[in-house]
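The structure file start_6.json is reproduced below (JSON, C-alpha atoms and all ligand atoms).
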[["chain", "number", "residue", "atom", "x", "y", "z"],
["A", 252, "MET", "CA", 8.92, 75.35, 23.86],
["A", 253, "PHE", "CA", 9.36, 77.68, 20.89],
["A", 254, "ASN", "CA", 9.29, 80.83, 22.91],
["A", 255, "LEU", "CA", 12.89, 80.72, 24.00],
["A", 256, "ASN", "CA", 14.75, 83.80, 23.10],
["A", 257, "THR", "CA", 18.33, 83.73, 24.24],
["A", 258, "PHE", "CA", 21.26, 82.38, 22.30],
["A", 259, "ASP", "CA", 24.88, 81.67, 22.94],
["A", 260, "GLN", "CA", 26.80, 83.82, 20.57],
["A", 261, "CYS", "CA", 29.98, 82.65, 18.94],
["A", 262, "SER", "CA", 32.41, 85.03, 17.42],
["A", 263, "GLY", "CA", 34.13, 82.94, 14.78],
["A", 264, "GLY", "CA", 34.38, 79.69, 12.90],
["A", 265, "ASN", "CA", 35.55, 77.73, 15.90],
["A", 266, "PRO", "CA", 32.83, 77.58, 18.54],
["A", 267, "ALA", "CA", 35.02, 75.51, 20.87],
["A", 268, "GLN", "CA", 37.31, 78.49, 21.33],
["A", 269, "CYS", "CA", 34.82, 81.28, 21.58],
["A", 270, "GLU", "CA", 33.53, 82.83, 24.72],
["A", 271, "ALA", "CA", 29.84, 82.22, 25.07],
["A", 272, "SER", "CA", 27.76, 85.24, 25.82],
["A", 273, "VAL", "CA", 24.01, 85.51, 25.93],
["A", 274, "ARG", "CA", 21.94, 88.11, 24.21],
["A", 275, "GLN", "CA", 18.24, 88.65, 24.63],
["A", 276, "LEU", "CA", 16.32, 88.49, 21.37],
["A", 277, "PRO", "CA", 12.70, 89.56, 21.29],
["A", 278, "ALA", "CA", 10.84, 86.42, 20.15],
["A", 279, "SER", "CA", 8.49, 86.57, 17.18],
["A", 280, "LEU", "CA", 4.99, 87.30, 18.39],
["A", 281, "ASP", "CA", 3.61, 83.84, 17.59],
["A", 282, "GLY", "CA", 6.50, 82.07, 19.37],
["A", 283, "GLY", "CA", 7.57, 80.09, 16.25],
["A", 284, "LEU", "CA", 11.30, 79.85, 15.65],
["A", 285, "ARG", "CA", 12.51, 81.13, 12.30],
["A", 286, "LEU", "CA", 15.98, 79.81, 11.66],
["A", 287, "ILE", "CA", 18.40, 79.94, 8.75],
["A", 288, "LEU", "CA", 20.59, 76.95, 7.96],
["A", 289, "LEU", "CA", 24.12, 77.53, 6.71],
["A", 290, "GLY", "CA", 26.84, 74.98, 6.14],
["A", 291, "ALA", "CA", 29.31, 73.96, 3.47],
["A", 292, "PRO", "CA", 28.66, 70.84, 1.39],
["A", 293, "GLY", "CA", 29.55, 67.77, 3.42],
["A", 294, "VAL", "CA", 29.18, 69.14, 6.96],
["A", 295, "GLY", "CA", 25.90, 67.27, 7.44],
["A", 296, "LYS", "CA", 23.48, 70.19, 7.31],
["A", 297, "GLY", "CA", 20.71, 68.10, 5.71],
["A", 298, "THR", "CA", 20.91, 65.47, 8.44],
["A", 299, "GLN", "CA", 20.76, 68.19, 11.10],
["A", 300, "ALA", "CA", 17.70, 69.71, 9.45],
["A", 301, "ASP", "CA", 15.95, 66.31, 9.53],
["A", 302, "LEU", "CA", 16.84, 65.76, 13.19],
["A", 303, "LEU", "CA", 15.68, 69.24, 14.13],
["A", 304, "ARG", "CA", 12.36, 68.85, 12.30],
["A", 305, "ARG", "CA", 11.69, 65.58, 14.09],
["A", 306, "ALA", "CA", 12.78, 66.92, 17.48],
["A", 307, "ILE", "CA", 10.91, 70.22, 17.59],
["A", 308, "GLY", "CA", 8.26, 69.93, 14.86],
["A", 309, "ILE", "CA", 9.62, 72.89, 12.93],
["A", 310, "THR", "CA", 8.83, 73.04, 9.18],
["A", 311, "GLN", "CA", 11.48, 73.39, 6.49],
["A", 312, "PHE", "CA", 11.55, 75.56, 3.40],
["A", 313, "SER", "CA", 14.37, 74.62, 1.06],
["A", 314, "THR", "CA", 14.59, 76.76, -2.06],
["A", 315, "GLY", "CA", 16.58, 73.94, -3.72],
["A", 316, "ASP", "CA", 13.70, 71.51, -3.10],
["A", 317, "PHE", "CA", 11.23, 74.18, -4.21],
["A", 318, "PHE", "CA", 13.01, 74.60, -7.57],
["A", 319, "ARG", "CA", 13.45, 70.85, -8.05],
["A", 320, "ALA", "CA", 9.72, 70.30, -7.45],
["A", 321, "ALA", "CA", 8.81, 73.15, -9.82],
["A", 322, "ILE", "CA", 11.08, 71.75, -12.55],
["A", 323, "ALA", "CA", 9.63, 68.25, -12.06],
["A", 324, "ASP", "CA", 6.07, 69.57, -12.44],
["A", 325, "PRO", "CA", 6.17, 72.23, -15.17],
["A", 326, "LEU", "CA", 2.39, 72.08, -15.76],
["A", 327, "ALA", "CA", 1.53, 73.13, -12.19],
["A", 328, "PRO", "CA", 0.43, 76.78, -11.83],
["A", 329, "HIS", "CA", 3.73, 78.54, -11.15],
["A", 330, "SER", "CA", 4.21, 82.25, -10.59],
["A", 331, "ALA", "CA", 5.89, 84.31, -13.31],
["A", 332, "ALA", "CA", 8.99, 84.62, -11.10],
["A", 333, "THR", "CA", 9.15, 80.84, -10.61],
["A", 334, "MET", "CA", 8.79, 80.23, -14.36],
["A", 335, "ALA", "CA", 11.56, 82.76, -15.05],
["A", 336, "ALA", "CA", 13.78, 81.11, -12.41],
["A", 337, "ILE", "CA", 13.19, 77.65, -13.91],
["A", 338, "ARG", "CA", 14.30, 79.00, -17.29],
["A", 339, "ARG", "CA", 17.46, 80.47, -15.75],
["A", 340, "ILE", "CA", 18.28, 77.21, -13.98],
["A", 341, "SER", "CA", 17.70, 75.14, -17.12],
["A", 342, "GLU", "CA", 20.11, 77.46, -18.97],
["A", 343, "GLY", "CA", 22.68, 76.85, -16.23],
["A", 344, "CYS", "CA", 22.51, 80.44, -14.99],
["A", 345, "LEU", "CA", 22.25, 81.73, -11.44],
["A", 346, "VAL", "CA", 18.84, 82.98, -10.37],
["A", 347, "PRO", "CA", 19.25, 86.71, -9.64],
["A", 348, "ASP", "CA", 18.49, 88.10, -6.18],
["A", 349, "ASP", "CA", 15.33, 90.01, -7.14],
["A", 350, "MET", "CA", 13.82, 86.87, -8.70],
["A", 351, "VAL", "CA", 14.61, 84.72, -5.65],
["A", 352, "ILE", "CA", 13.22, 87.41, -3.33],
["A", 353, "GLU", "CA", 9.97, 87.62, -5.33],
["A", 354, "ILE", "CA", 9.57, 83.84, -5.16],
["A", 355, "VAL", "CA", 10.11, 83.75, -1.39],
["A", 356, "ARG", "CA", 7.66, 86.64, -0.99],
["A", 357, "GLY", "CA", 5.10, 84.49, -2.84],
["A", 358, "GLU", "CA", 5.74, 81.74, -0.26],
["A", 359, "MET", "CA", 5.23, 83.98, 2.80],
["A", 360, "HIS", "CA", 2.71, 81.52, 4.25],
["A", 361, "ARG", "CA", 5.66, 79.16, 4.87],
["A", 362, "LEU", "CA", 7.48, 81.85, 6.83],
["A", 363, "ARG", "CA", 4.35, 82.74, 8.74],
["A", 364, "ASN", "CA", 3.76, 79.14, 9.86],
["A", 365, "PRO", "CA", 3.44, 79.31, 13.68],
["A", 366, "ALA", "CA", 5.29, 75.98, 13.94],
["A", 367, "GLY", "CA", 8.36, 77.95, 12.81],
["A", 368, "VAL", "CA", 10.53, 77.41, 9.76],
["A", 369, "LEU", "CA", 14.05, 76.34, 8.88],
["A", 370, "LEU", "CA", 15.21, 78.22, 5.82],
["A", 371, "ASP", "CA", 17.61, 76.26, 3.66],
["A", 372, "GLY", "CA", 19.19, 77.78, 0.56],
["A", 373, "PHE", "CA", 17.77, 81.24, 1.24],
["A", 374, "PRO", "CA", 19.14, 83.79, 1.88],
["A", 375, "ARG", "CA", 22.33, 83.18, -0.09],
["A", 376, "THR", "CA", 23.46, 86.79, -0.43],
["A", 377, "VAL", "CA", 23.38, 89.94, 1.68],
["A", 378, "PRO", "CA", 20.68, 91.58, -0.52],
["A", 379, "GLN", "CA", 18.53, 88.47, -0.01],
["A", 380, "ALA", "CA", 19.14, 88.58, 3.76],
["A", 381, "HIS", "CA", 18.19, 92.23, 3.80],
["A", 382, "ALA", "CA", 14.96, 91.55, 1.87],
["A", 383, "LEU", "CA", 14.12, 88.67, 4.20],
["A", 384, "GLU", "CA", 14.51, 90.90, 7.24],
["A", 385, "GLU", "CA", 12.11, 93.42, 5.67],
["A", 386, "MET", "CA", 9.56, 90.77, 4.67],
["A", 387, "LEU", "CA", 9.51, 89.34, 8.17],
["A", 388, "SER", "CA", 9.31, 92.68, 9.94],
["A", 389, "GLU", "CA", 6.25, 93.59, 7.84],
["A", 390, "GLU", "CA", 4.64, 90.57, 9.50],
["A", 391, "GLN", "CA", 6.10, 91.40, 12.92],
["A", 392, "LEU", "CA", 8.27, 88.32, 12.64],
["A", 393, "GLN", "CA", 12.03, 87.95, 12.75],
["A", 394, "ILE", "CA", 14.94, 85.59, 12.27],
["A", 395, "ASP", "CA", 15.63, 83.98, 15.64],
["A", 396, "GLY", "CA", 18.99, 82.50, 14.76],
["A", 397, "VAL", "CA", 21.33, 81.52, 11.94],
["A", 398, "LEU", "CA", 22.64, 78.00, 12.45],
["A", 399, "ASN", "CA", 26.09, 77.92, 10.88],
["A", 400, "TYR", "CA", 27.39, 74.34, 10.77],
["A", 401, "VAL", "CA", 31.18, 74.32, 10.62],
["A", 402, "LEU", "CA", 33.80, 71.64, 10.02],
["A", 403, "PRO", "CA", 37.49, 71.96, 8.99],
["A", 404, "THR", "CA", 38.17, 71.36, 5.28],
["A", 405, "GLU", "CA", 40.16, 68.17, 5.78],
["A", 406, "LYS", "CA", 37.35, 66.65, 7.82],
["A", 407, "VAL", "CA", 34.84, 67.52, 5.10],
["A", 408, "VAL", "CA", 37.13, 65.92, 2.50],
["A", 409, "GLU", "CA", 37.40, 62.76, 4.62],
["A", 410, "ARG", "CA", 33.67, 62.67, 5.27],
["A", 411, "LEU", "CA", 32.67, 63.10, 1.63],
["A", 412, "ALA", "CA", 35.09, 60.35, 0.57],
["A", 413, "HIS", "CA", 32.84, 58.04, 2.61],
["A", 414, "ARG", "CA", 29.58, 59.46, 1.35],
["A", 415, "ARG", "CA", 27.25, 57.37, -0.79],
["A", 416, "VAL", "CA", 24.03, 58.68, -2.26],
["A", 417, "CYS", "CA", 20.91, 56.79, -3.31],
["A", 418, "ARG", "CA", 20.29, 56.99, -7.06],
["A", 419, "VAL", "CA", 16.53, 56.95, -6.51],
["A", 420, "CYS", "CA", 15.61, 59.04, -3.46],
["A", 421, "LYS", "CA", 18.93, 60.95, -3.09],
["A", 422, "ARG", "CA", 19.29, 60.11, 0.61],
["A", 423, "SER", "CA", 22.91, 60.12, 1.75],
["A", 424, "TYR", "CA", 24.83, 57.64, 3.83],
["A", 425, "HIS", "CA", 28.29, 57.61, 5.38],
["A", 426, "LEU", "CA", 30.11, 54.29, 5.14],
["A", 427, "VAL", "CA", 31.40, 54.61, 8.72],
["A", 428, "GLU", "CA", 29.11, 56.94, 10.65],
["A", 429, "LEU", "CA", 25.78, 56.25, 8.96],
["A", 430, "PRO", "CA", 26.10, 53.03, 6.97],
["A", 431, "PRO", "CA", 23.13, 51.50, 5.13],
["A", 432, "GLN", "CA", 21.71, 48.33, 6.66],
["A", 433, "GLU", "CA", 22.49, 46.43, 3.46],
["A", 434, "GLU", "CA", 25.75, 47.26, 1.68],
["A", 435, "GLY", "CA", 25.25, 49.22, -1.53],
["A", 436, "HIS", "CA", 21.52, 49.73, -1.09],
["A", 437, "CYS", "CA", 19.32, 52.48, 0.35],
["A", 438, "ASP", "CA", 17.45, 51.64, 3.59],
["A", 439, "HIS", "CA", 14.53, 53.74, 2.50],
["A", 440, "CYS", "CA", 13.84, 52.66, -1.10],
["A", 441, "HIS", "CA", 16.48, 49.95, -1.76],
["A", 442, "GLY", "CA", 17.90, 52.07, -4.60],
["A", 443, "GLU", "CA", 21.53, 51.70, -5.62],
["A", 444, "LEU", "CA", 24.07, 53.75, -3.63],
["A", 445, "PHE", "CA", 26.85, 55.49, -5.57],
["A", 446, "GLN", "CA", 29.66, 58.01, -5.03],
["A", 447, "ARG", "CA", 29.14, 61.39, -6.63],
["A", 448, "GLU", "CA", 31.88, 62.69, -8.94],
["A", 449, "ASP", "CA", 32.07, 65.94, -7.00],
["A", 450, "ASP", "CA", 32.71, 64.07, -3.73],
["A", 451, "ARG", "CA", 36.29, 63.36, -4.90],
["A", 452, "PRO", "CA", 38.84, 65.24, -2.72],
["A", 453, "GLU", "CA", 40.05, 67.67, -5.44],
["A", 454, "ALA", "CA", 36.50, 68.56, -6.36],
["A", 455, "VAL", "CA", 35.55, 68.92, -2.70],
["A", 456, "ARG", "CA", 38.35, 71.45, -2.07],
["A", 457, "VAL", "CA", 37.17, 73.54, -5.01],
["A", 458, "ARG", "CA", 33.55, 73.44, -3.80],
["A", 459, "LEU", "CA", 34.52, 74.38, -0.25],
["A", 460, "ASP", "CA", 36.63, 77.27, -1.46],
["A", 461, "LEU", "CA", 33.77, 78.54, -3.60],
["A", 462, "TYR", "CA", 31.29, 78.10, -0.75],
["A", 463, "ALA", "CA", 33.51, 80.03, 1.67],
["A", 464, "ARG", "CA", 33.96, 82.90, -0.77],
["A", 465, "ASN", "CA", 30.24, 83.10, -1.60],
["A", 466, "THR", "CA", 29.04, 82.81, 1.97],
["A", 467, "GLU", "CA", 31.59, 85.00, 3.75],
["A", 468, "PRO", "CA", 29.63, 88.26, 3.32],
["A", 469, "LEU", "CA", 26.42, 86.62, 4.57],
["A", 470, "ILE", "CA", 28.17, 85.14, 7.61],
["A", 471, "GLY", "CA", 29.66, 88.56, 8.37],
["A", 472, "TRP", "CA", 26.25, 90.21, 8.01],
["A", 473, "TYR", "CA", 24.56, 87.87, 10.49],
["A", 474, "HIS", "CA", 27.55, 87.94, 12.81],
["A", 475, "LYS", "CA", 27.24, 91.73, 13.04],
["A", 476, "ARG", "CA", 23.58, 91.29, 13.95],
["A", 477, "ASN", "CA", 24.50, 88.82, 16.72],
["A", 478, "GLN", "CA", 22.32, 86.22, 15.02],
["A", 479, "LEU", "CA", 25.07, 83.79, 14.03],
["A", 480, "ILE", "CA", 25.17, 80.52, 15.98],
["A", 481, "SER", "CA", 28.23, 78.52, 14.88],
["A", 482, "ILE", "CA", 28.02, 74.81, 15.63],
["A", 483, "ASP", "CA", 30.94, 72.42, 15.44],
["A", 484, "CYS", "CA", 30.06, 69.36, 13.31],
["A", 485, "SER", "CA", 33.08, 67.21, 14.09],
["A", 486, "GLY", "CA", 31.11, 64.84, 16.35],
["A", 487, "THR", "CA", 28.48, 62.32, 15.30],
["A", 488, "PRO", "CA", 25.22, 63.62, 13.79],
["A", 489, "GLN", "CA", 23.52, 63.00, 17.15],
["A", 490, "GLU", "CA", 26.21, 64.94, 19.04],
["A", 491, "THR", "CA", 25.89, 67.84, 16.61],
["A", 492, "HIS", "CA", 22.13, 67.71, 17.05],
["A", 493, "LEU", "CA", 22.50, 67.99, 20.83],
["A", 494, "LEU", "CA", 24.82, 70.97, 20.40],
["A", 495, "THR", "CA", 22.15, 72.57, 18.21],
["A", 496, "LEU", "CA", 19.43, 72.07, 20.81],
["A", 497, "GLN", "CA", 21.71, 73.44, 23.52],
["A", 498, "ALA", "CA", 22.57, 76.49, 21.42],
["A", 499, "LEU", "CA", 18.84, 77.12, 20.91],
["A", 500, "HIS", "CA", 18.14, 76.49, 24.60],
["A", 501, "LEU", "CA", 15.67, 73.76, 23.69],
["B", 1, "ZN", "ZN", 16.72, 55.65, -1.62]]
Would you kindly transcribe this structure into structure tokens?
Ligand SMILES: [Zn+2]
Amino acid sequence: MFNLNTFDQCSGGNPAQCEASVRQLPASLDGGLRLILLGAPGVGKGTQADLLRRAIGITQFSTGDFFRAAIADPLAPHSAATMAAIRRISEGCLVPDDMVIEIVRGEMHRLRNPAGVLLDGFPRTVPQAHALEEMLSEEQLQIDGVLNYVLPTEKVVERLAHRRVCRVCKRSYHLVELPPQEEGHCDHCHGELFQREDDRPEAVRVRLDLYARNTEPLIGWYHKRNQLISIDCSGTPQETHLLTLQALHL
């Protein structure tokens, strides 16, 4: 099931318009899929990651979750790089590439997992992508695909206007497409649902613009390597999930 090694390649941000072509990729030796998740805030990347984990049993390594857990448990034995990164984050600074790379290198067991891994939040820059490629090739592993979830700006704005987040467990809901069973409360933990300040349309446009500018070089880098798999998110989460499975030939 994990040993599938051909992908439809899309050439731009609009997969509906691109000609599908198939390229053979040599699968990693252990057959596990190693995928990178990309997608602007509000396209539903987190939901897709959850669906994919449940559908194919792949593991997930989110650097955002990793840092949040490290910050929440400062007494745990953290590496020097992790401690340095926590300090940078608490000062409101970006964590530099070399620090992020060192942290991921310390977590190689997650990348080696034969169940495969979905990388979320890493790589964020071309130097990080380059380092990742090196790290994996040392282990005779590789990136099997870069899932790039895309949605036009106005649709993201509309979608985020309907987003509500649980104060307790941070799960998100959509008032129309994924409403909670009980209005105003989380299905999972019954916490209060609220609208984030940065989900307001003006703030969303600024975030999307920033995301596009920051991610453009990375998208270009993976596109050149024929590893970019752009997936249109304008359907329901389930429809997008099916497109993902099709694109991965699963
Ligand atoms: Zn909750």
Near-ligand residues for ligand ZN 1 (chain B), threshold 6 Å, all atoms listed in the file, as a ChimeraX atom specification:
/A:417,419-422,437,439-442
Residues proximal to (10.4, 85.2, 3.2) were defined as those with any atom within 6 Å of that point in the file's coordinates, counting all atoms listed in the file. Which are they, as a count of residues only?
6
Grab the atom CA of Ala463 of chain A to atom CA of Gln478 of chain A distance for me, in Å with one decimal place.
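Taking atom CA of Ala463 of chain A and atom CA of Gln478 of chain A, their separation equals 18.5 Å.
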Which distance in Å separates atom CA of Leu369 of chain A and atom CA of Pro292 of chain A, to one decimal?
17.3 Å
Tell me, as a ChimeraX atom specification, which residues lie within 8 Å of Gly290 of chain A, counting all atoms listed in the file; anything in the same chain fewer than 3 positions away does not count.
/A:294-296,399-401
Best match for closeness to Thr487 of chain A among A:Arg410, A:Ala321, A:Glu428, A:Gly435, counting all atoms listed in the file
A:Glu428
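Minimum atom-to-atom distance to Leu370 of chain A, evaluated using only C-alpha atoms, belongs to A:Leu288 out of A:Val416, A:Val408, A:Leu326, A:Leu288.
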Excluding Glu409 of chain A and its own-chain neighbours fewer than 5 positions away, which residues fall within 12 Å of it when counting all atoms listed in the file? Please give them as a list in words.
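In the requested format, the answer is Gly293, Val294, Leu402, Pro403, Thr404, Arg414, His425, Leu426, Val427, Glu428, Asp450, Arg451, Pro452, Glu453, Val455, Arg456 and Ser485 of chain A.
Minimum atom-to-atom distances from A:Gly308, A:Glu433, A:Ala300, A:Ala291 to Arg458 of chain A were compared using only C-alpha atoms, and the lowest value belongs to A:Ala291.
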Output file: segment 349-409 of chain A, C-alpha atoms, as an mmCIF file, in the first residue's frame:
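Output below, filename out.cif:
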data_model
loop_
_atom_site.group_PDB
_atom_site.id
_atom_site.type_symbol
_atom_site.label_atom_id
_atom_site.label_comp_id
_atom_site.auth_asym_id
_atom_site.auth_seq_id
_atom_site.Cartn_x
_atom_site.Cartn_y
_atom_site.Cartn_z
ATOM 1 C CA ASP A 349 20.491 25.940 11.158
ATOM 2 C CA MET A 350 18.730 25.593 14.523
ATOM 3 C CA VAL A 351 15.598 24.076 12.969
ATOM 4 C CA ILE A 352 17.725 21.692 10.891
ATOM 5 C CA GLU A 353 19.658 20.539 13.970
ATOM 6 C CA ILE A 354 16.403 19.880 15.825
ATOM 7 C CA VAL A 355 14.957 17.834 12.956
ATOM 8 C CA ARG A 356 18.227 15.911 12.700
ATOM 9 C CA GLY A 357 17.792 15.028 16.389
ATOM 10 C CA GLU A 358 14.333 13.661 15.519
ATOM 11 C CA MET A 359 15.524 11.434 12.647
ATOM 12 C CA HIS A 360 13.760 8.423 14.173
ATOM 13 C CA ARG A 361 10.466 10.101 13.201
ATOM 14 C CA LEU A 362 11.601 10.389 9.592
ATOM 15 C CA ARG A 363 12.863 6.826 9.591
ATOM 16 C CA ASN A 364 9.532 5.422 10.802
ATOM 17 C CA PRO A 365 8.592 2.712 8.255
ATOM 18 C CA ALA A 366 4.927 3.722 8.596
ATOM 19 C CA GLY A 367 5.964 6.911 6.769
ATOM 20 C CA VAL A 368 5.703 10.504 7.935
ATOM 21 C CA LEU A 369 3.807 13.668 7.090
ATOM 22 C CA LEU A 370 6.040 16.659 7.699
ATOM 23 C CA ASP A 371 4.147 19.756 8.768
ATOM 24 C CA GLY A 372 5.926 23.068 9.345
ATOM 25 C CA PHE A 373 9.258 21.772 8.054
ATOM 26 C CA PRO A 374 10.842 22.565 5.678
ATOM 27 C CA ARG A 375 9.816 26.217 5.559
ATOM 28 C CA THR A 376 12.724 27.532 3.495
ATOM 29 C CA VAL A 377 14.876 26.310 0.622
ATOM 30 C CA PRO A 378 17.953 25.797 2.884
ATOM 31 C CA GLN A 379 15.781 23.633 5.164
ATOM 32 C CA ALA A 380 14.485 21.661 2.157
ATOM 33 C CA HIS A 381 18.023 21.149 0.964
ATOM 34 C CA ALA A 382 19.148 19.912 4.404
ATOM 35 C CA LEU A 383 16.159 17.573 4.584
ATOM 36 C CA GLU A 384 17.038 16.038 1.239
ATOM 37 C CA GLU A 385 20.591 15.407 2.488
ATOM 38 C CA MET A 386 19.445 13.948 5.811
ATOM 39 C CA LEU A 387 17.098 11.545 4.077
ATOM 40 C CA SER A 388 19.563 10.467 1.419
ATOM 41 C CA GLU A 389 22.085 9.564 4.147
ATOM 42 C CA GLU A 390 19.447 7.070 5.287
ATOM 43 C CA GLN A 391 18.604 6.018 1.720
ATOM 44 C CA LEU A 392 15.219 7.639 2.138
ATOM 45 C CA GLN A 393 13.559 10.397 0.154
ATOM 46 C CA ILE A 394 10.618 12.759 -0.033
ATOM 47 C CA ASP A 395 7.896 10.980 -2.006
ATOM 48 C CA GLY A 396 5.700 14.006 -2.573
ATOM 49 C CA VAL A 397 4.912 17.546 -1.448
ATOM 50 C CA LEU A 398 1.185 17.980 -0.899
ATOM 51 C CA ASN A 399 0.417 21.604 -1.687
ATOM 52 C CA TYR A 400 -3.161 22.429 -0.671
ATOM 53 C CA VAL A 401 -4.442 25.398 -2.653
ATOM 54 C CA LEU A 402 -7.528 27.595 -2.455
ATOM 55 C CA PRO A 403 -8.194 31.086 -3.929
ATOM 56 C CA THR A 404 -7.793 33.967 -1.453
ATOM 57 C CA GLU A 405 -11.467 34.941 -1.431
ATOM 58 C CA LYS A 406 -12.477 31.387 -0.581
ATOM 59 C CA VAL A 407 -9.985 31.306 2.292
ATOM 60 C CA VAL A 408 -11.376 34.629 3.567
ATOM 61 C CA GLU A 409 -14.926 33.243 3.403
#
